[in-house]
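S.K.: Input: one structure, supplied below.
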Amino acid sequence: LLPATLTYDTLRFEYEDFPETKEPVWILGRKYSVFTEKEEILLDVTSRLWFTYRKNFPAIGGTGPTSDTGWGCMLRCGQMIFAQALVCRHLGRDWRWIKGKRQMDNYYNVLNAFIDKKDSYYSIHQIAQMGVGEGKSIGQWYGPNTVAQVLKKLATFDTWSSLAVHIAMDNTVVMEEIRRLCQSNLPCAGAAACPALESDVLYNGYPEEQGLRDRLVLWKPLVLLIPLRLGLTEINEAYIETLKHCFMMPQSLGVIGGKPNSAHYFIGYVGEELIYLDPHTTQPAVEPNDSGCLPDETFHCQHPPCRMSIAELDPSIAVGFFCNTEADFNDWCQQIKKLALVRGALPMFELVERQPSHFSNPDVLNLTPDSSDADRLERFFDSEDEDFEILSL
């Protein structure tokens, strides 16, 4: 047993618990009252997949690191926001994890996509190695934009989930671009990047029929990631109300970012505090047990989540949303338009129907893995990576 586990249990209602406040608690689009729904809040938080530093996993690239302690926190936050998208996709937002209860197969399929081994879709191995193409050496710090770009590339191989991943650059969300991407009936974005349909790698142990069926639907579920800079060295207060509203939307996947020196996955807020899951705990890598089942307790944060003042947030973030259907996307667009009318809330990004003329390349918002624009966009966001320093251990 990890000593931390014992500490968390003993502190559950003494130290880290939610403040007794009349302010509502918002968790990924759900509203709770601390007074009447404390257990529901904790259950919702515990049900999110929690990815932390791990040690003793197979060496990345065969000869690389066997632990991501000290450098992998933003990669783990990227895993968490993307895992939430897969949970919404395959299990639904209402799904809950109960300790000791046998879960449905799709839950284990989602979890397996993030396990620390080279052939999992979104493993630390895949993210670190795909990042080399983004100019990041293995073991180097990522910013929110870098991890978003890498996850987009990895998602093209996940035909089980069949996601349309869109990264909105230059603080602009172009509705036409997203509709074109989500209404595409190709097996996956950039078919050339996908292995042959017969390949075992493609399905990676997932139900083949599901992948085939999903390619025939008219709308691919959308994961929308929006890298933003909300100030120079600290967050501009004018954005705070807008940021809070993002957590109130039913499409919310939360926010990845942090405070200087460390990355966090933000899942909600209460009052003037953000609620987050912290990847900065090193746990041993998990192996399937003798019966082939994956012990999953260490992937769920079983203590009240951390909180920090919104004012402490580093201005470089990426906001995430999941739209399972076209109706979800249309509803999201309406909410964003209404948000622009809220007094005291400065829009964090622009929502437009068509691509503004100042974009030189029509595909600049829809990067393919080999796009030459990747370098230009990464340079645009390069400053975000410098804001975080890796703490000496």
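In the structure tokens, each chain is lettered A, B, ... as it comes, each chain's residues begin at 1, and ligands are numbered from 1 in order of appearance.
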Region 61-76 of chain A: which residues within 8 Å, counting only C-alpha atoms, same-chain residues fewer than 4 positions away excluded, as a PyMOL selection string?
M.R.: chain A and resi 51-57+80+118+124-125+127-129+138-144+147+256-257+262-264+279-280+282+390-393
S.K.: Counting only C-alpha atoms, which of A:Leu228, A:Lys220, A:Arg307, A:Ile98 gets nearest to Arg180 (chain A)?
M.R.: A:Lys220
S.K.: Taking the chain letters and numbering used in this document, name the residues of region 63-227 of chain A that DSSP puts in strand (DSSP E or B), as a ChimeraX atom specification.
M.R.: /A:67,164-167,172-174,222-227
S.K.: Export N, CA and C atoms of the chosen residues as a PDB file, in the first residue's frame?
M.R.:
ATOM      1  N   SER A  67      10.397   5.830 -16.017  1.00  0.00           N
ATOM      2  CA  SER A  67       9.522   6.609 -15.141  1.00  0.00           C
ATOM      3  C   SER A  67       9.355   7.993 -15.750  1.00  0.00           C
ATOM      4  N   ALA A 164     -13.388  12.737 -33.999  1.00  0.00           N
ATOM      5  CA  ALA A 164     -12.891  13.863 -34.784  1.00  0.00           C
ATOM      6  C   ALA A 164     -12.248  14.823 -33.786  1.00  0.00           C
ATOM      7  N   VAL A 165     -10.941  14.990 -33.866  1.00  0.00           N
ATOM      8  CA  VAL A 165     -10.236  15.869 -32.923  1.00  0.00           C
ATOM      9  C   VAL A 165      -9.880  17.159 -33.641  1.00  0.00           C
ATOM     10  N   HIS A 166     -10.329  18.265 -33.091  1.00  0.00           N
ATOM     11  CA  HIS A 166     -10.072  19.575 -33.701  1.00  0.00           C
ATOM     12  C   HIS A 166      -9.356  20.451 -32.693  1.00  0.00           C
ATOM     13  N   ILE A 167      -8.249  21.051 -33.113  1.00  0.00           N
ATOM     14  CA  ILE A 167      -7.523  21.990 -32.262  1.00  0.00           C
ATOM     15  C   ILE A 167      -7.690  23.376 -32.863  1.00  0.00           C
ATOM     16  N   THR A 172      -9.462  31.095 -32.257  1.00  0.00           N
ATOM     17  CA  THR A 172     -10.630  31.164 -33.140  1.00  0.00           C
ATOM     18  C   THR A 172     -11.183  29.765 -33.398  1.00  0.00           C
ATOM     19  N   VAL A 173     -12.468  29.581 -33.151  1.00  0.00           N
ATOM     20  CA  VAL A 173     -13.154  28.326 -33.467  1.00  0.00           C
ATOM     21  C   VAL A 173     -13.995  28.563 -34.714  1.00  0.00           C
ATOM     22  N   VAL A 174     -13.692  27.816 -35.779  1.00  0.00           N
ATOM     23  CA  VAL A 174     -14.384  27.980 -37.063  1.00  0.00           C
ATOM     24  C   VAL A 174     -15.400  26.845 -37.211  1.00  0.00           C
ATOM     25  N   LEU A 222     -17.005  14.696 -31.527  1.00  0.00           N
ATOM     26  CA  LEU A 222     -15.986  15.747 -31.594  1.00  0.00           C
ATOM     27  C   LEU A 222     -15.278  15.938 -30.259  1.00  0.00           C
ATOM     28  N   VAL A 223     -13.957  15.933 -30.308  1.00  0.00           N
ATOM     29  CA  VAL A 223     -13.141  16.422 -29.190  1.00  0.00           C
ATOM     30  C   VAL A 223     -12.553  17.747 -29.650  1.00  0.00           C
ATOM     31  N   LEU A 224     -12.960  18.823 -29.003  1.00  0.00           N
ATOM     32  CA  LEU A 224     -12.512  20.164 -29.363  1.00  0.00           C
ATOM     33  C   LEU A 224     -11.552  20.663 -28.285  1.00  0.00           C
ATOM     34  N   LEU A 225     -10.316  20.933 -28.681  1.00  0.00           N
ATOM     35  CA  LEU A 225      -9.312  21.449 -27.753  1.00  0.00           C
ATOM     36  C   LEU A 225      -8.906  22.849 -28.222  1.00  0.00           C
ATOM     37  N   ILE A 226      -8.914  23.783 -27.289  1.00  0.00           N
ATOM     38  CA  ILE A 226      -8.637  25.186 -27.638  1.00  0.00           C
ATOM     39  C   ILE A 226      -7.467  25.691 -26.790  1.00  0.00           C
ATOM     40  N   PRO A 227      -6.240  25.691 -27.338  1.00  0.00           N
ATOM     41  CA  PRO A 227      -5.105  26.261 -26.595  1.00  0.00           C
ATOM     42  C   PRO A 227      -5.258  27.776 -26.520  1.00  0.00           C
TER      43      PRO A 227
END
S.K.: When you count only C-alpha atoms, which of these residues is closest to Gln183 (chain A): A:Asn145, A:Glu326, A:Ser33, A:Phe114?
M.R.: A:Glu326
S.K.: Hey, which bits of region 26-105 of chain A sit within 12 Å of region 239-250 of chain A, and for each residue what's the closest pair of atoms and how far apart in Å (one decimal), counting only C-alpha atoms, rows by chain and increasing number, as CSV?
M.R.:
residue,atom,partner,partner_atom,distance
A:Trp26,CA,A:Met248,CA,6.3
A:Ile27,CA,A:Phe247,CA,6.6
A:Leu28,CA,A:Phe247,CA,5.3
A:Gly29,CA,A:Pro250,CA,4.1
A:Arg30,CA,A:Met248,CA,6.7
A:Lys31,CA,A:Met248,CA,7.5
A:Tyr32,CA,A:Met248,CA,11.0
A:Cys88,CA,A:Pro250,CA,10.8
A:Gly92,CA,A:Pro250,CA,11.6
A:Arg93,CA,A:Pro250,CA,8.9
A:Asp94,CA,A:Pro250,CA,11.2
S.K.: Emit the selected residues as a short mmCIF file (atom, residue, chain, number, x, y, z; two decimals), in the first residue's frame, including N, CA and C atoms.
M.R.:
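Written output follows (out-v4.cif):
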data_model
loop_
_atom_site.label_atom_id
_atom_site.label_comp_id
_atom_site.auth_asym_id
_atom_site.auth_seq_id
_atom_site.Cartn_x
_atom_site.Cartn_y
_atom_site.Cartn_z
N TRP A 26 -19.32 23.12 -9.32
CA TRP A 26 -19.49 22.68 -10.71
C TRP A 26 -18.39 21.68 -11.07
N ILE A 27 -18.78 20.50 -11.53
CA ILE A 27 -17.83 19.48 -12.00
C ILE A 27 -18.23 19.08 -13.42
N LEU A 28 -17.44 19.49 -14.39
CA LEU A 28 -17.63 19.07 -15.79
C LEU A 28 -19.10 19.12 -16.21
N GLY A 29 -19.70 20.29 -16.05
CA GLY A 29 -21.07 20.49 -16.52
C GLY A 29 -22.16 20.08 -15.57
N ARG A 30 -21.80 19.57 -14.37
CA ARG A 30 -22.81 19.19 -13.38
C ARG A 30 -22.73 20.12 -12.18
N LYS A 31 -23.91 20.50 -11.69
CA LYS A 31 -23.99 21.44 -10.57
C LYS A 31 -24.36 20.68 -9.29
N TYR A 32 -23.63 20.93 -8.21
CA TYR A 32 -23.86 20.25 -6.94
C TYR A 32 -23.93 21.24 -5.79
N CYS A 88 -16.93 9.73 -21.88
CA CYS A 88 -18.19 10.28 -22.40
C CYS A 88 -18.61 9.53 -23.67
N GLY A 92 -20.59 7.32 -21.15
CA GLY A 92 -21.56 8.37 -20.85
C GLY A 92 -21.15 9.19 -19.63
N ARG A 93 -21.60 10.43 -19.59
CA ARG A 93 -21.23 11.33 -18.48
C ARG A 93 -21.80 10.85 -17.15
N ASP A 94 -22.89 10.09 -17.17
CA ASP A 94 -23.51 9.63 -15.92
C ASP A 94 -22.84 8.41 -15.31
#
S.K.: Which of region 87-199 of chain A end up as helix (DSSP H, G or I) when DSSP is run on this backbone - answer as a ChimeraX atom specification?
M.R.: /A:87-90,105-112,124-134,144-155,175-182,191-193
S.K.: Residues within 10 Å of Lys38 (chain A), please, as a VMD selection string. Count only C-alpha atoms; anything in the same chain fewer than 3 positions from it doesn't count.
M.R.: chain A and resid 17 to 18 25 32 to 35 41 to 44 304
S.K.: Please identify all polymer residues within 9 Å of Phe299 (chain A), counting only C-alpha atoms, omitting same-chain residues fewer than 2 positions from it, and present them as a PyMOL selection string.
M.R.: chain A and resi 48-52+111+295-297+301
S.K.: What does the distance between CA of Glu350 (chain A) and CA of Glu176 (chain A) come to in Å, to one decimal place?
M.R.: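 Atom-to-atom, CA of Glu350 (chain A) to CA of Glu176 (chain A), that is 13.5 Å.
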S.K.: Using only C-alpha atoms, can you tell me which of A:Gly78, A:Gly271, A:Pro356, A:Pro284 comes closest to Glu23 (chain A)?
M.R.: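 That would be A:Gly271, the residue with the smallest distance to Glu23 (chain A).
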S.K.: In terms of the shortest atom-to-atom distance over only C-alpha atoms, which of A:Leu346, A:Val150, A:Leu351, A:Val45 is closest to Trp332 (chain A)?
M.R.: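 Among the listed residues, the smallest separation from Trp332 (chain A) belongs to A:Leu351.
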